[in-house]
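Shown next, in structure tokens, is the structure this report addresses.
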Amino acid sequence: MYPMRLIKHLLSVFIAVSCGQDYNSHSADGTLGTGATTAECSTSRQARLCRARTILAEYCYSCHSGWAAYDSDTDWSESRLINLGDSKSSRIIRYLKNTGGNMPLGSGAIPEVEYQSLLEWIDKLGVD
Amino acid sequence: MHILRQLFLFCLIGTTLTLTMTHRASAYPNFISYGYYSCMNCHYNPFGGGPLSDYGRAVAATEIASRYFVDDHITDEALGENSSFPAQSQLSDWIRPALNYRGLGLLQNLAGEHPNERFITMDLSGSIVAKFLPGDRLTFVTQMSFVPAPATVGASTNTKRYRSREFYAGYRATKTFGIYAGLMDKVFGVRVPDHIAYSRILTALTQNDQTHALLLHFVDTAIDIGIQPFIGNLVQQKSLRQKGISSLAEVTLNHSARIGASYLQSTSDFTTQQIIAAHLRTGTDQAASLLAEIGRSRRKIKQSSRESLNDYLFTQGQFKLGRGFWTLLTVEAKRNLDTPRNVTKRVGPGLQVFPRPNMELRADSYFTFQQESRKSSKPQVDLAAQLHLWL
């Protein structure tokens, strides 16, 4: 005979409960269409960051969702993905298809205008 | 001729050849070539994935796996009887534990300036199925996985290293109708284990995209229908949860082929998504199978009112070299309709070996081409090797 009390307890537990990591294909959806969730875009430096985040959200965040949390130049510098003032040596640039890398995966190279915006953002960091 | 039309023609020719060559087709959807139309033959989940049933374990041990490392005096019947979890005989008959491991070695961009290599633990999970009533009509399925923080998220002490993958109750009211409730995969298209497939990525239906849902399932010999309203993964931040409905209908064409159609619509605070797809599964004489899925995904970003429309095509042929030894050929394509002349194509020959029960080895190569206005780029070359173990 099956323990009926056990079945009832299992029924109540199994229908609703789950736990643990919640990362999935939609984890970065909150950054789409904005580029910046907390940073303002009023100064030229902030505007370059906002523009860069919009581009990265478009082409990168669907896989690299953790980058959405970097909403300041300091965050990006500490991530070691960029080298202040030197775009061509920055990891995030070196891995792009625009420079011979393989990113973004499964898509073409980032359009030239947007690629240049990323270079400008990094090159002008630490300058103004 | 447009690349999608070329690939569709490939599918049509392949299907025609397969269907005309069959006289009988008798775990993975590829095993329709053994006559297993319905995923319920081998899985507790009516649309596949998750823990294998007793019958599914026995099939894996006696029909799929090689006997190369098995002593001749051990019969297939004995292999089937011993296919259960090692400690099963000490447990109550209503409980079924299982362990599962998948490791992936990846060499990416071999032909590029910055090749990289890494090893990924795709899955390290344990599951328990509790089953009651005659015919196992009432089941409780749970699967928990150890999950390293995704490389794309980056190291963070806040990222949990485990997750629930399945956590649902199922009741078969009759042989033809069942109802399931809890955390499970979404019902859509062909549920292939190729997590990088365009049919899985563009539809956001990868191995982490489970949802809390109610699944209504109707099945008989001619048809399989699933209707699944869902409310997102309740562990996830509320604003990110995709809520909506998914449905799949599959019809038996003849003794060796099934065609199906799927529709999914969902919305969160940030995006809405709508996907339609058609698919085919066909197999022949335990020797070969063909899977094909073609679909269109529409995603709208609410904050910017921007809409992204993507088409995809997935085809996979599996061809038997001998018991336990298979070759695979995966051909895919995708394009974003904002730039319709830009098409990404990927060809992936591979080898799949089941050297013994409870083990799978798989090696795949991927050649990815970017085609822009009829000019193809040099292919990106990636290699993957996979080890899959289960108890």
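Within each chain, counting starts at residue 1; across the structure tokens, chains are named A, B, ... in the order shown, with ligands numbered 1 upward in that order.
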
- Item | Exercise answer, chain B residues close to chain A, 7 Å and only C-alpha atoms, as number ranges by chain | B: 109, 112-114, 152-154, 159-164, 167-169, 181-182, 204, 208-209, 235-236, 240, 270-271, 301, 303-304, 344, 370

- Message: Quick one: residues within 10 Å of Ala363 (chain B), only C-alpha atoms, excluding same-chain residues fewer than 2 positions away - as an NGL selection string?
- Response: :B and (104-105 or 327-328 or 348-353 or 361 or 365 or 383-387)

- Task: Run DSSP on the backbone and grab whatever in region 50-122 of chain B lands in alpha helix (DSSP H); send it over as a PyMOL selection string.
- Result: chain B and resi 54-59+76-81

Residues of the last selection are to be written out with all heavy atoms, as a short mmCIF file (atom, residue, chain, number, x, y, z; two decimals), in the first residue's frame.
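Saved the output as result_33.cif:
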```cif
data_model
loop_
_atom_site.label_atom_id
_atom_site.label_comp_id
_atom_site.auth_asym_id
_atom_site.auth_seq_id
_atom_site.Cartn_x
_atom_site.Cartn_y
_atom_site.Cartn_z
N ASP B 54 11.86 2.76 -16.61
CA ASP B 54 12.49 1.43 -16.59
C ASP B 54 12.64 0.91 -18.02
O ASP B 54 13.67 0.33 -18.37
CB ASP B 54 11.61 0.44 -15.79
CG ASP B 54 11.59 0.78 -14.31
OD1 ASP B 54 12.39 1.63 -13.87
OD2 ASP B 54 10.76 0.19 -13.59
N TYR B 55 11.61 1.11 -18.83
CA TYR B 55 11.67 0.63 -20.20
C TYR B 55 12.73 1.39 -21.00
O TYR B 55 13.48 0.80 -21.78
CB TYR B 55 10.29 0.78 -20.87
CG TYR B 55 10.25 0.19 -22.26
CD1 TYR B 55 10.15 -1.18 -22.44
CD2 TYR B 55 10.32 1.01 -23.39
CE1 TYR B 55 10.12 -1.73 -23.73
CE2 TYR B 55 10.29 0.48 -24.66
CZ TYR B 55 10.19 -0.89 -24.82
OH TYR B 55 10.17 -1.42 -26.10
N GLY B 56 12.82 2.70 -20.79
CA GLY B 56 13.82 3.49 -21.48
C GLY B 56 15.23 3.05 -21.14
O GLY B 56 16.11 2.99 -22.01
N ARG B 57 15.46 2.75 -19.88
CA ARG B 57 16.78 2.24 -19.48
C ARG B 57 17.08 0.92 -20.16
O ARG B 57 18.20 0.67 -20.61
CB ARG B 57 16.81 2.04 -17.97
CG ARG B 57 16.93 3.32 -17.15
CD ARG B 57 16.76 2.98 -15.67
NE ARG B 57 17.18 4.08 -14.82
CZ ARG B 57 18.41 4.24 -14.35
NH1 ARG B 57 19.35 3.37 -14.66
NH2 ARG B 57 18.71 5.27 -13.58
N ALA B 58 16.07 0.06 -20.21
CA ALA B 58 16.29 -1.25 -20.82
C ALA B 58 16.57 -1.11 -22.32
O ALA B 58 17.44 -1.80 -22.87
CB ALA B 58 15.07 -2.14 -20.58
N VAL B 59 15.87 -0.20 -22.98
CA VAL B 59 16.10 0.03 -24.41
C VAL B 59 17.53 0.52 -24.63
O VAL B 59 18.24 0.05 -25.53
CB VAL B 59 15.09 1.06 -24.96
CG1 VAL B 59 15.53 1.59 -26.31
CG2 VAL B 59 13.71 0.42 -25.07
N ASP B 76 21.18 -10.12 -23.72
CA ASP B 76 20.54 -8.80 -23.76
C ASP B 76 19.46 -8.70 -22.68
O ASP B 76 19.24 -7.64 -22.09
CB ASP B 76 19.93 -8.54 -25.15
CG ASP B 76 20.97 -8.03 -26.14
OD1 ASP B 76 22.08 -7.68 -25.70
OD2 ASP B 76 20.66 -7.99 -27.35
N GLU B 77 18.80 -9.83 -22.43
CA GLU B 77 17.77 -9.82 -21.39
C GLU B 77 18.38 -9.48 -20.04
O GLU B 77 17.83 -8.71 -19.26
CB GLU B 77 17.10 -11.20 -21.34
CG GLU B 77 15.86 -11.22 -20.47
CD GLU B 77 15.20 -12.60 -20.47
OE1 GLU B 77 15.59 -13.45 -21.30
OE2 GLU B 77 14.32 -12.82 -19.64
N ALA B 78 19.54 -10.05 -19.77
CA ALA B 78 20.23 -9.76 -18.50
C ALA B 78 20.65 -8.30 -18.45
O ALA B 78 20.57 -7.64 -17.40
CB ALA B 78 21.43 -10.67 -18.35
N LEU B 79 21.11 -7.78 -19.58
CA LEU B 79 21.49 -6.36 -19.62
C LEU B 79 20.28 -5.48 -19.29
O LEU B 79 20.40 -4.49 -18.55
CB LEU B 79 22.02 -5.99 -21.00
CG LEU B 79 23.43 -6.46 -21.36
CD1 LEU B 79 23.77 -6.08 -22.80
CD2 LEU B 79 24.48 -5.91 -20.41
N GLY B 80 19.15 -5.84 -19.83
CA GLY B 80 17.94 -5.07 -19.57
C GLY B 80 17.55 -5.12 -18.10
O GLY B 80 17.20 -4.12 -17.49
N GLU B 81 17.65 -6.32 -17.53
CA GLU B 81 17.27 -6.48 -16.12
C GLU B 81 18.22 -5.72 -15.20
O GLU B 81 17.85 -5.29 -14.13
CB GLU B 81 17.27 -7.97 -15.76
CG GLU B 81 16.07 -8.71 -16.34
CD GLU B 81 16.16 -10.21 -16.08
OE1 GLU B 81 17.13 -10.66 -15.46
OE2 GLU B 81 15.25 -10.92 -16.55
#
```

- Message: Applying 7 Å and only C-alpha atoms, which residues near region 260-264 of chain B remain after dropping the ones on its own chain fewer than 6 positions away? List them as a VMD selection string.
- Response: chain B and resid 188 to 189 245 to 251 274 to 280
